[in-house]
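Colleague: Got a file for you: input_18.pdb, PDB, C-alpha atoms.
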```
ATOM      1  CA  MET A  89      17.282  36.863  15.326  1.00  0.00           C
ATOM      2  CA  LEU A  90      20.415  36.382  17.407  1.00  0.00           C
ATOM      3  CA  ALA A  91      19.078  33.118  18.862  1.00  0.00           C
ATOM      4  CA  TYR A  92      18.310  31.885  15.338  1.00  0.00           C
ATOM      5  CA  TYR A  93      21.851  32.642  14.166  1.00  0.00           C
ATOM      6  CA  VAL A  94      23.365  31.019  17.267  1.00  0.00           C
ATOM      7  CA  THR A  95      21.412  27.850  16.479  1.00  0.00           C
ATOM      8  CA  ILE A  96      22.625  27.996  12.874  1.00  0.00           C
ATOM      9  CA  PHE A  97      26.239  28.239  14.046  1.00  0.00           C
ATOM     10  CA  LEU A  98      25.825  25.362  16.515  1.00  0.00           C
ATOM     11  CA  LYS A  99      24.138  23.203  13.855  1.00  0.00           C
ATOM     12  CA  GLY A 100      27.008  23.869  11.477  1.00  0.00           C
ATOM     13  CA  THR A 101      29.544  23.004  14.166  1.00  0.00           C
ATOM     14  CA  ALA A 102      27.721  19.795  15.115  1.00  0.00           C
ATOM     15  CA  LYS A 103      27.486  18.667  11.500  1.00  0.00           C
ATOM     16  CA  GLY A 104      31.119  19.642  10.937  1.00  0.00           C
ATOM     17  CA  LEU A 105      32.087  17.343  13.804  1.00  0.00           C
ATOM     18  CA  PHE A 106      29.840  14.507  12.694  1.00  0.00           C
ATOM     19  CA  PHE A 107      29.715  14.053   8.944  1.00  0.00           C
ATOM     20  CA  PRO A 108      33.409  14.052   8.008  1.00  0.00           C
ATOM     21  CA  ILE A 109      34.022  10.946  10.147  1.00  0.00           C
ATOM     22  CA  TRP A 110      30.745   9.066  10.390  1.00  0.00           C
ATOM     23  CA  ILE A 111      31.818   6.548   7.717  1.00  0.00           C
ATOM     24  CA  LEU A 112      35.126   5.996   9.533  1.00  0.00           C
ATOM     25  CA  HIS A 113      33.208   5.312  12.751  1.00  0.00           C
ATOM     26  CA  MET A 114      30.999   2.715  11.087  1.00  0.00           C
ATOM     27  CA  SER A 115      33.996   1.121   9.412  1.00  0.00           C
ATOM     28  CA  ASN A 116      35.801   0.939  12.769  1.00  0.00           C
ATOM     29  CA  ASN A 117      32.731  -0.878  14.091  1.00  0.00           C
ATOM     30  CA  LYS A 118      33.141  -3.568  11.419  1.00  0.00           C
ATOM     31  CA  ILE A 119      30.308  -2.320   9.207  1.00  0.00           C
ATOM     32  CA  SER A 120      31.169  -3.276   5.635  1.00  0.00           C
ATOM     33  CA  LEU A 121      31.434  -0.661   2.913  1.00  0.00           C
ATOM     34  CA  PHE A 122      28.434  -2.291   1.250  1.00  0.00           C
ATOM     35  CA  PHE A 123      26.255  -1.709   4.326  1.00  0.00           C
ATOM     36  CA  ILE A 124      27.665   1.786   4.776  1.00  0.00           C
ATOM     37  CA  GLY A 125      26.445   2.463   1.228  1.00  0.00           C
ATOM     38  CA  ILE A 126      23.063   0.990   2.130  1.00  0.00           C
ATOM     39  CA  LEU A 127      22.880   3.287   5.174  1.00  0.00           C
ATOM     40  CA  GLY A 128      23.634   6.318   2.990  1.00  0.00           C
ATOM     41  CA  THR A 129      20.884   5.198   0.628  1.00  0.00           C
ATOM     42  CA  ILE A 130      18.442   4.779   3.526  1.00  0.00           C
ATOM     43  CA  LEU A 131      19.287   8.300   4.743  1.00  0.00           C
ATOM     44  CA  GLU A 132      18.622   9.818   1.326  1.00  0.00           C
ATOM     45  CA  ALA A 133      15.449   7.752   0.827  1.00  0.00           C
ATOM     46  CA  VAL A 134      14.024   8.935   4.152  1.00  0.00           C
ATOM     47  CA  ARG A 135      14.877  12.515   3.227  1.00  0.00           C
ATOM     48  CA  PHE A 136      13.238  12.117  -0.181  1.00  0.00           C
ATOM     49  CA  ILE A 137      10.063  10.508   1.173  1.00  0.00           C
ATOM     50  CA  SER A 138       9.583  12.835   4.139  1.00  0.00           C
ATOM     51  CA  GLU A 139      10.664  16.176   2.622  1.00  0.00           C
ATOM     52  CA  ILE A 140       7.262  17.297   1.311  1.00  0.00           C
ATOM     53  CA  PRO A 141       5.088  16.005   4.190  1.00  0.00           C
ATOM     54  CA  LEU A 142       7.358  17.551   6.819  1.00  0.00           C
ATOM     55  CA  GLY A 143       7.525  20.814   4.872  1.00  0.00           C
ATOM     56  CA  ALA A 144       3.729  20.832   4.960  1.00  0.00           C
ATOM     57  CA  PHE A 145       3.938  20.119   8.692  1.00  0.00           C
ATOM     58  CA  ALA A 146       6.064  23.274   9.103  1.00  0.00           C
ATOM     59  CA  ASP A 147       3.516  25.248   7.081  1.00  0.00           C
ATOM     60  CA  LYS A 148       0.630  24.029   9.224  1.00  0.00           C
ATOM     61  CA  TYR A 149       2.080  23.802  12.738  1.00  0.00           C
ATOM     62  CA  GLY A 150       4.849  26.378  12.562  1.00  0.00           C
ATOM     63  CA  ARG A 151       8.485  26.788  11.677  1.00  0.00           C
ATOM     64  CA  LYS A 152       9.565  26.862  15.319  1.00  0.00           C
ATOM     65  CA  VAL A 153       7.922  23.503  16.043  1.00  0.00           C
ATOM     66  CA  SER A 154       9.589  22.010  12.991  1.00  0.00           C
ATOM     67  CA  LEU A 155      13.005  23.446  13.914  1.00  0.00           C
ATOM     68  CA  PHE A 156      12.576  22.217  17.488  1.00  0.00           C
ATOM     69  CA  LEU A 157      11.684  18.686  16.356  1.00  0.00           C
ATOM     70  CA  SER A 158      14.580  18.693  13.913  1.00  0.00           C
ATOM     71  CA  ALA A 159      17.081  19.657  16.601  1.00  0.00           C
ATOM     72  CA  PHE A 160      15.672  17.147  19.091  1.00  0.00           C
ATOM     73  CA  LEU A 161      15.728  14.331  16.523  1.00  0.00           C
ATOM     74  CA  TYR A 162      19.295  15.205  15.521  1.00  0.00           C
ATOM     75  CA  PHE A 163      20.252  15.043  19.199  1.00  0.00           C
ATOM     76  CA  ILE A 164      18.747  11.563  19.484  1.00  0.00           C
ATOM     77  CA  ALA A 165      20.239  10.387  16.177  1.00  0.00           C
ATOM     78  CA  PHE A 166      23.758  11.638  16.942  1.00  0.00           C
ATOM     79  CA  PHE A 167      23.645  10.226  20.473  1.00  0.00           C
ATOM     80  CA  LEU A 168      22.455   6.815  19.261  1.00  0.00           C
ATOM     81  CA  PHE A 169      25.068   6.894  16.517  1.00  0.00           C
ATOM     82  CA  SER A 170      27.790   7.410  19.121  1.00  0.00           C
ATOM     83  CA  LEU A 171      26.589   4.254  20.890  1.00  0.00           C
ATOM     84  CA  GLY A 172      26.227   2.321  17.652  1.00  0.00           C
ATOM     85  CA  ASN A 173      28.142  -0.891  17.213  1.00  0.00           C
ATOM     86  CA  THR A 174      25.704  -2.919  15.109  1.00  0.00           C
ATOM     87  CA  ILE A 175      24.100  -2.344  11.750  1.00  0.00           C
ATOM     88  CA  TYR A 176      20.696  -2.109  13.481  1.00  0.00           C
ATOM     89  CA  MET A 177      21.783   0.764  15.729  1.00  0.00           C
ATOM     90  CA  PHE A 178      23.170   2.619  12.723  1.00  0.00           C
ATOM     91  CA  VAL A 179      19.995   1.998  10.690  1.00  0.00           C
ATOM     92  CA  PHE A 180      17.856   3.362  13.522  1.00  0.00           C
ATOM     93  CA  SER A 181      20.112   6.400  13.884  1.00  0.00           C
ATOM     94  CA  VAL A 182      20.072   7.079  10.137  1.00  0.00           C
ATOM     95  CA  LEU A 183      16.272   6.813   9.979  1.00  0.00           C
ATOM     96  CA  ILE A 184      15.954   9.432  12.727  1.00  0.00           C
ATOM     97  CA  MET A 185      18.612  11.588  11.060  1.00  0.00           C
ATOM     98  CA  GLY A 186      16.682  11.573   7.775  1.00  0.00           C
ATOM     99  CA  LEU A 187      13.529  12.771   9.537  1.00  0.00           C
ATOM    100  CA  ALA A 188      15.503  15.433  11.413  1.00  0.00           C
ATOM    101  CA  ASP A 189      16.929  16.731   8.161  1.00  0.00           C
ATOM    102  CA  SER A 190      13.501  16.888   6.532  1.00  0.00           C
ATOM    103  CA  PHE A 191      12.020  18.786   9.474  1.00  0.00           C
ATOM    104  CA  GLU A 192      14.878  21.280   9.174  1.00  0.00           C
ATOM    105  CA  SER A 193      14.798  21.708   5.412  1.00  0.00           C
ATOM    106  CA  GLY A 194      11.101  22.524   5.500  1.00  0.00           C
ATOM    107  CA  ALA A 195      11.576  25.308   8.024  1.00  0.00           C
ATOM    108  CA  LEU A 196      15.113  26.745   8.112  1.00  0.00           C
ATOM    109  CA  GLU A 197      14.884  29.299   5.307  1.00  0.00           C
ATOM    110  CA  ALA A 198      11.107  29.671   5.700  1.00  0.00           C
ATOM    111  CA  TRP A 199      11.545  30.807   9.317  1.00  0.00           C
ATOM    112  CA  LEU A 200      13.909  33.553   8.202  1.00  0.00           C
ATOM    113  CA  ALA A 201      11.649  34.655   5.332  1.00  0.00           C
ATOM    114  CA  ASP A 202       8.533  34.710   7.538  1.00  0.00           C
ATOM    115  CA  HIS A 203      10.363  36.591  10.281  1.00  0.00           C
ATOM    116  CA  LEU A 204      11.554  39.267   7.878  1.00  0.00           C
ATOM    117  CA  ILE A 205       8.082  39.587   6.342  1.00  0.00           C
ATOM    118  CA  LEU A 206       6.563  40.060   9.816  1.00  0.00           C
ATOM    119  CA  LYS A 207       9.166  42.748  10.564  1.00  0.00           C
ATOM    120  CA  GLY A 208       8.550  44.486   7.225  1.00  0.00           C
ATOM    121  CA  LYS A 209      12.095  43.763   6.074  1.00  0.00           C
ATOM    122  CA  VAL A 210      11.459  41.346   3.209  1.00  0.00           C
ATOM    123  CA  ASP A 211      13.921  43.348   1.072  1.00  0.00           C
ATOM    124  CA  LYS A 212      16.735  42.083   3.336  1.00  0.00           C
ATOM    125  CA  LEU A 213      15.959  38.406   2.730  1.00  0.00           C
ATOM    126  CA  GLU A 214      18.737  37.780   0.223  1.00  0.00           C
ATOM    127  CA  ASN A 215      21.391  39.313   2.485  1.00  0.00           C
ATOM    128  CA  GLU A 216      20.085  37.485   5.559  1.00  0.00           C
ATOM    129  CA  LEU A 217      20.060  34.151   3.697  1.00  0.00           C
ATOM    130  CA  ARG A 218      23.640  34.795   2.651  1.00  0.00           C
ATOM    131  CA  LYS A 219      24.549  35.607   6.257  1.00  0.00           C
ATOM    132  CA  MET A 220      22.797  32.448   7.472  1.00  0.00           C
ATOM    133  CA  TYR A 221      24.781  30.227   5.105  1.00  0.00           C
ATOM    134  CA  ILE A 222      28.064  31.957   5.955  1.00  0.00           C
ATOM    135  CA  ILE A 223      27.392  31.318   9.649  1.00  0.00           C
ATOM    136  CA  LEU A 224      26.460  27.686   8.922  1.00  0.00           C
ATOM    137  CA  ILE A 225      29.621  27.114   6.882  1.00  0.00           C
ATOM    138  CA  ALA A 226      31.790  28.867   9.504  1.00  0.00           C
ATOM    139  CA  GLY A 227      30.366  26.516  12.124  1.00  0.00           C
ATOM    140  CA  SER A 228      31.066  23.523   9.875  1.00  0.00           C
ATOM    141  CA  ILE A 229      34.669  24.610   9.395  1.00  0.00           C
ATOM    142  CA  ILE A 230      35.184  25.072  13.123  1.00  0.00           C
ATOM    143  CA  GLY A 231      33.642  21.667  13.794  1.00  0.00           C
ATOM    144  CA  ALA A 232      35.882  20.059  11.189  1.00  0.00           C
ATOM    145  CA  ILE A 233      38.956  21.662  12.744  1.00  0.00           C
ATOM    146  CA  PHE A 234      38.104  20.321  16.206  1.00  0.00           C
ATOM    147  CA  ILE A 235      37.453  16.762  14.994  1.00  0.00           C
ATOM    148  CA  THR A 236      41.132  15.902  15.167  1.00  0.00           C
ATOM    149  CA  TYR A 237      41.490  16.957  18.783  1.00  0.00           C
ATOM    150  CA  LEU A 238      38.280  15.361  19.963  1.00  0.00           C
ATOM    151  CA  TYR A 239      38.906  12.151  18.023  1.00  0.00           C
ATOM    152  CA  LYS A 240      42.378  11.820  19.578  1.00  0.00           C
ATOM    153  CA  MET A 241      40.855  12.139  23.063  1.00  0.00           C
ATOM    154  CA  ASN A 242      38.233   9.491  22.311  1.00  0.00           C
ATOM    155  CA  THR A 243      36.882   8.233  18.990  1.00  0.00           C
ATOM    156  CA  ILE A 244      33.308   8.708  20.228  1.00  0.00           C
ATOM    157  CA  MET A 245      33.882  12.274  21.454  1.00  0.00           C
ATOM    158  CA  PRO A 246      33.043  14.130  18.181  1.00  0.00           C
ATOM    159  CA  PHE A 247      29.682  12.333  18.035  1.00  0.00           C
ATOM    160  CA  LEU A 248      28.860  13.034  21.675  1.00  0.00           C
ATOM    161  CA  VAL A 249      29.800  16.705  21.326  1.00  0.00           C
ATOM    162  CA  SER A 250      27.604  16.889  18.208  1.00  0.00           C
ATOM    163  CA  ALA A 251      24.718  15.426  20.194  1.00  0.00           C
ATOM    164  CA  VAL A 252      25.246  17.891  23.048  1.00  0.00           C
ATOM    165  CA  LEU A 253      25.382  20.804  20.593  1.00  0.00           C
ATOM    166  CA  TYR A 254      22.038  19.699  19.185  1.00  0.00           C
ATOM    167  CA  LEU A 255      20.610  19.437  22.694  1.00  0.00           C
ATOM    168  CA  ILE A 256      21.667  23.068  23.205  1.00  0.00           C
ATOM    169  CA  VAL A 257      20.070  23.988  19.857  1.00  0.00           C
ATOM    170  CA  THR A 258      16.874  22.259  21.003  1.00  0.00           C
ATOM    171  CA  LEU A 259      16.783  24.319  24.192  1.00  0.00           C
ATOM    172  CA  ILE A 260      17.626  27.621  22.472  1.00  0.00           C
ATOM    173  CA  THR A 261      14.971  26.987  19.832  1.00  0.00           C
ATOM    174  CA  CYS A 262      12.374  26.144  22.451  1.00  0.00           C
ATOM    175  CA  ILE A 263      13.116  29.131  24.696  1.00  0.00           C
ATOM    176  CA  PHE A 264      14.432  31.943  22.497  1.00  0.00           C
ATOM    177  CA  VAL A 265      13.467  31.451  18.838  1.00  0.00           C
ATOM    178  CA  PRO A 266      10.018  32.964  18.222  1.00  0.00           C
ATOM    179  CA  GLU A 267       7.447  31.433  15.908  1.00  0.00           C
ATOM    180  CA  SER A 268       7.652  33.150  12.542  1.00  0.00           C
ATOM    181  CA  LEU A 269       4.231  32.283  11.133  1.00  0.00           C
ATOM    182  CA  PRO A 270       1.567  34.919  11.687  1.00  0.00           C
ATOM    183  CA  VAL A 271      -0.781  34.026  14.544  1.00  0.00           C
ATOM    184  CA  SER A 272      -3.721  34.053  12.125  1.00  0.00           C
ATOM    185  CA  HIS A 273      -2.003  31.304  10.123  1.00  0.00           C
ATOM    186  CA  ASN A 274      -1.810  28.993  13.125  1.00  0.00           C
TER     187      ASN A 274
END
```
Spit out the file's structure as structure tokens when you get a sec.

Modeller:
Amino acid sequence: MLAYYVTIFLKGTAKGLFFPIWILHMSNNKISLFFIGILGTILEAVRFISEIPLGAFADKYGRKVSLFLSAFLYFIAFFLFSLGNTIYMFVFSVLIMGLADSFESGALEAWLADHLILKGKVDKLENELRKMYIILIAGSIIGAIFITYLYKMNTIMPFLVSAVLYLIVTLITCIFVPESLPVSHN
């Protein structure tokens, strides 16, 4: 479970570095507030449309696969976002980000629940969920604190660090996070 919690912390940190300033970054790249609003709408629409199918994907193919794909897609989305200087680059990044979020939402809590069920510790689910969200929020706070320093070094730096953190999450998930679905389910 340590690897799972490390990935949660890194995800929180990456999102804490990214989301507080992503609108500022687009604005600095001469994207109008109207189009920034459109991009936010696209992100939410992709999340809405893909939430149920990608949750079913996690149920069928495994939570680990879904978490891996989520982390890898976030890596790509954050990296492309850091390179973005046109509305098209930002649209592409936001589309990938919406899919990444849907892969994650269909598997994040389910992985923990399945893991605890397999270990015979289902009674600890509520406490472990609480712990997971505390770790996620702590990572977000740390990321938000470091934005200022990274942004002063280079305005792209928070986005690149977010991408690298998600690359690390991808590797940790692939190597150290076990599948939580019972083998008979797969």

Colleague: Enumerate, in order of chain and increasing residue number, the residues of range 149-180 of chain A with an atom no farther than 12 Å from range 116-128 of chain A, each with its shortest atom pair and distance in Å to one decimal, counting all atoms listed in the file, as a Markdown table.

Modeller:
```
| residue | atom | partner | partner_atom | distance |
| --- | --- | --- | --- | --- |
| A:Phe169 | CA | A:Asn117 | CA | 11.2 |
| A:Ser170 | CA | A:Asn117 | CA | 10.9 |
| A:Leu171 | CA | A:Asn117 | CA | 10.5 |
| A:Gly172 | CA | A:Asn117 | CA | 8.1 |
| A:Asn173 | CA | A:Asn117 | CA | 5.6 |
| A:Thr174 | CA | A:Asn117 | CA | 7.4 |
| A:Ile175 | CA | A:Ile119 | CA | 6.7 |
| A:Tyr176 | CA | A:Leu127 | CA | 10.1 |
| A:Met177 | CA | A:Leu127 | CA | 10.9 |
| A:Phe178 | CA | A:Leu127 | CA | 7.6 |
| A:Val179 | CA | A:Leu127 | CA | 6.4 |
| A:Phe180 | CA | A:Leu127 | CA | 9.7 |
```

Colleague: I'd like to see the residues matched by the PyMOL selection byres ((chain A and resi 269) around 12) on this file, and ideally I'd get them as a ChimeraX atom specification.

Modeller: /A:146-154,195,198-207,266-268,270-274

Colleague: I'd like the interatomic distance between CA of Lys103 in chain A and CA of Leu155 in chain A, to a tenth of an Å.

Modeller: 15.4 Å

Colleague: Using the chain letters and residue numbers of this document, give as a PyMOL selection string the residues selected by the PyMOL selection byres ((chain A and resi 265) around 8).

Modeller: chain A and resi 89+91-92+152+260-264+266-267

Colleague: Near Ile96 in chain A, within 12 Å and counting only C-alpha atoms, which residues show up once chain neighbours fewer than 4 positions away are dropped, as a count of residues only?

Modeller: 34

Colleague: With distances taken over all atoms listed in the file, which of A:Glu132, A:Pro141, A:Lys209, A:Leu238 is nearest to Ile184 in chain A?

Modeller: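 Going through A:Glu132, A:Pro141, A:Lys209, A:Leu238 one by one, the smallest distance to Ile184 in chain A is for A:Glu132.
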
Colleague: In Å, with one decimal, what is the gap from CA of Ala188 in chain A to CA of Thr236 in chain A?

Modeller: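 Spanning CA of Ala188 in chain A to CA of Thr236 in chain A is a straight-line distance of 25.9 Å.
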
Colleague: Name all residues at most 12 Å from Ile235 in chain A (count only C-alpha atoms; drop same-chain ones fewer than 5 positions away) and give them as a PyMOL selection string.

Modeller: chain A and resi 101-110+228-230+240-250

Colleague: Measuring between all atoms listed in the file, which one of A:Ile111, A:Lys212, A:Asp189, A:Gly143 shows the shortest distance to Ala165 in chain A?

Modeller: A:Asp189

Colleague: Using all atoms listed in the file for the distances, tell me which of A:Gly186, A:Thr95, A:Leu131, A:Asn215 is nearest to Leu259 in chain A.

Modeller: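 Closest to Leu259 in chain A of all the choices is A:Thr95.
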
Colleague: Could I see range 137-148 of chain A restored to all heavy atoms, set down as a PDB file, in the frame of the given file?

Modeller:
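Everything below was put into rebuild22.pdb:
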```
ATOM      1  N   ILE A 137      11.450  10.859   0.875  1.00  0.00           N
ATOM      2  CA  ILE A 137      10.063  10.508   1.173  1.00  0.00           C
ATOM      3  C   ILE A 137       9.414  11.496   2.140  1.00  0.00           C
ATOM      4  O   ILE A 137       8.234  11.823   2.014  1.00  0.00           O
ATOM      5  CB  ILE A 137       9.980   9.063   1.732  1.00  0.00           C
ATOM      6  CG1 ILE A 137      10.337   8.065   0.626  1.00  0.00           C
ATOM      7  CG2 ILE A 137       8.607   8.765   2.322  1.00  0.00           C
ATOM      8  CD1 ILE A 137      10.610   6.658   1.124  1.00  0.00           C
ATOM      9  N   SER A 138      10.174  11.997   3.092  1.00  0.00           N
ATOM     10  CA  SER A 138       9.583  12.835   4.139  1.00  0.00           C
ATOM     11  C   SER A 138       9.706  14.339   3.896  1.00  0.00           C
ATOM     12  O   SER A 138       9.103  15.126   4.634  1.00  0.00           O
ATOM     13  CB  SER A 138      10.205  12.481   5.501  1.00  0.00           C
ATOM     14  OG  SER A 138      11.591  12.742   5.497  1.00  0.00           O
ATOM     15  N   GLU A 139      10.422  14.742   2.883  1.00  0.00           N
ATOM     16  CA  GLU A 139      10.664  16.176   2.622  1.00  0.00           C
ATOM     17  C   GLU A 139       9.365  16.966   2.459  1.00  0.00           C
ATOM     18  O   GLU A 139       9.150  17.966   3.143  1.00  0.00           O
ATOM     19  CB  GLU A 139      11.518  16.321   1.359  1.00  0.00           C
ATOM     20  CG  GLU A 139      11.862  17.738   1.005  1.00  0.00           C
ATOM     21  CD  GLU A 139      13.128  18.216   1.667  1.00  0.00           C
ATOM     22  OE1 GLU A 139      13.931  17.375   2.089  1.00  0.00           O
ATOM     23  OE2 GLU A 139      13.285  19.441   1.759  1.00  0.00           O
ATOM     24  N   ILE A 140       8.493  16.546   1.579  1.00  0.00           N
ATOM     25  CA  ILE A 140       7.262  17.297   1.311  1.00  0.00           C
ATOM     26  C   ILE A 140       6.287  17.217   2.491  1.00  0.00           C
ATOM     27  O   ILE A 140       5.783  18.260   2.936  1.00  0.00           O
ATOM     28  CB  ILE A 140       6.621  16.856  -0.019  1.00  0.00           C
ATOM     29  CG1 ILE A 140       7.538  17.276  -1.176  1.00  0.00           C
ATOM     30  CG2 ILE A 140       5.222  17.442  -0.177  1.00  0.00           C
ATOM     31  CD1 ILE A 140       7.133  16.768  -2.531  1.00  0.00           C
ATOM     32  N   PRO A 141       6.016  16.035   3.054  1.00  0.00           N
ATOM     33  CA  PRO A 141       5.088  16.005   4.190  1.00  0.00           C
ATOM     34  C   PRO A 141       5.568  16.835   5.389  1.00  0.00           C
ATOM     35  O   PRO A 141       4.772  17.500   6.040  1.00  0.00           O
ATOM     36  CB  PRO A 141       5.000  14.517   4.558  1.00  0.00           C
ATOM     37  CG  PRO A 141       5.464  13.780   3.378  1.00  0.00           C
ATOM     38  CD  PRO A 141       6.398  14.682   2.634  1.00  0.00           C
ATOM     39  N   LEU A 142       6.877  16.803   5.661  1.00  0.00           N
ATOM     40  CA  LEU A 142       7.358  17.551   6.819  1.00  0.00           C
ATOM     41  C   LEU A 142       7.479  19.043   6.517  1.00  0.00           C
ATOM     42  O   LEU A 142       7.394  19.867   7.430  1.00  0.00           O
ATOM     43  CB  LEU A 142       8.669  16.957   7.331  1.00  0.00           C
ATOM     44  CG  LEU A 142       8.508  15.533   7.895  1.00  0.00           C
ATOM     45  CD1 LEU A 142       9.817  15.002   8.426  1.00  0.00           C
ATOM     46  CD2 LEU A 142       7.424  15.473   8.952  1.00  0.00           C
ATOM     47  N   GLY A 143       7.620  19.404   5.257  1.00  0.00           N
ATOM     48  CA  GLY A 143       7.525  20.814   4.872  1.00  0.00           C
ATOM     49  C   GLY A 143       6.102  21.316   5.075  1.00  0.00           C
ATOM     50  O   GLY A 143       5.882  22.428   5.574  1.00  0.00           O
ATOM     51  N   ALA A 144       5.141  20.481   4.725  1.00  0.00           N
ATOM     52  CA  ALA A 144       3.729  20.832   4.960  1.00  0.00           C
ATOM     53  C   ALA A 144       3.439  20.927   6.457  1.00  0.00           C
ATOM     54  O   ALA A 144       2.665  21.783   6.895  1.00  0.00           O
ATOM     55  CB  ALA A 144       2.820  19.794   4.300  1.00  0.00           C
ATOM     56  N   PHE A 145       4.069  20.063   7.231  1.00  0.00           N
ATOM     57  CA  PHE A 145       3.938  20.119   8.692  1.00  0.00           C
ATOM     58  C   PHE A 145       4.407  21.488   9.199  1.00  0.00           C
ATOM     59  O   PHE A 145       3.730  22.114  10.018  1.00  0.00           O
ATOM     60  CB  PHE A 145       4.773  19.000   9.332  1.00  0.00           C
ATOM     61  CG  PHE A 145       4.768  19.021  10.831  1.00  0.00           C
ATOM     62  CD1 PHE A 145       3.835  18.275  11.536  1.00  0.00           C
ATOM     63  CD2 PHE A 145       5.697  19.781  11.550  1.00  0.00           C
ATOM     64  CE1 PHE A 145       3.819  18.287  12.925  1.00  0.00           C
ATOM     65  CE2 PHE A 145       5.684  19.800  12.928  1.00  0.00           C
ATOM     66  CZ  PHE A 145       4.748  19.053  13.622  1.00  0.00           C
ATOM     67  N   ALA A 146       5.542  21.956   8.698  1.00  0.00           N
ATOM     68  CA  ALA A 146       6.064  23.274   9.103  1.00  0.00           C
ATOM     69  C   ALA A 146       5.107  24.385   8.693  1.00  0.00           C
ATOM     70  O   ALA A 146       4.932  25.357   9.430  1.00  0.00           O
ATOM     71  CB  ALA A 146       7.445  23.509   8.492  1.00  0.00           C
ATOM     72  N   ASP A 147       4.481  24.247   7.537  1.00  0.00           N
ATOM     73  CA  ASP A 147       3.516  25.248   7.081  1.00  0.00           C
ATOM     74  C   ASP A 147       2.276  25.272   7.974  1.00  0.00           C
ATOM     75  O   ASP A 147       1.707  26.329   8.219  1.00  0.00           O
ATOM     76  CB  ASP A 147       3.088  24.970   5.633  1.00  0.00           C
ATOM     77  CG  ASP A 147       4.205  25.198   4.635  1.00  0.00           C
ATOM     78  OD1 ASP A 147       5.178  25.907   4.968  1.00  0.00           O
ATOM     79  OD2 ASP A 147       4.102  24.663   3.513  1.00  0.00           O
ATOM     80  N   LYS A 148       1.858  24.113   8.436  1.00  0.00           N
ATOM     81  CA  LYS A 148       0.630  24.029   9.224  1.00  0.00           C
ATOM     82  C   LYS A 148       0.851  24.320  10.708  1.00  0.00           C
ATOM     83  O   LYS A 148       0.081  25.058  11.322  1.00  0.00           O
ATOM     84  CB  LYS A 148       0.001  22.646   9.062  1.00  0.00           C
ATOM     85  CG  LYS A 148      -1.299  22.516   9.814  1.00  0.00           C
ATOM     86  CD  LYS A 148      -2.031  21.250   9.491  1.00  0.00           C
ATOM     87  CE  LYS A 148      -3.339  21.237  10.269  1.00  0.00           C
ATOM     88  NZ  LYS A 148      -4.254  20.252   9.800  1.00  0.00           N
TER      89      LYS A 148
END
```
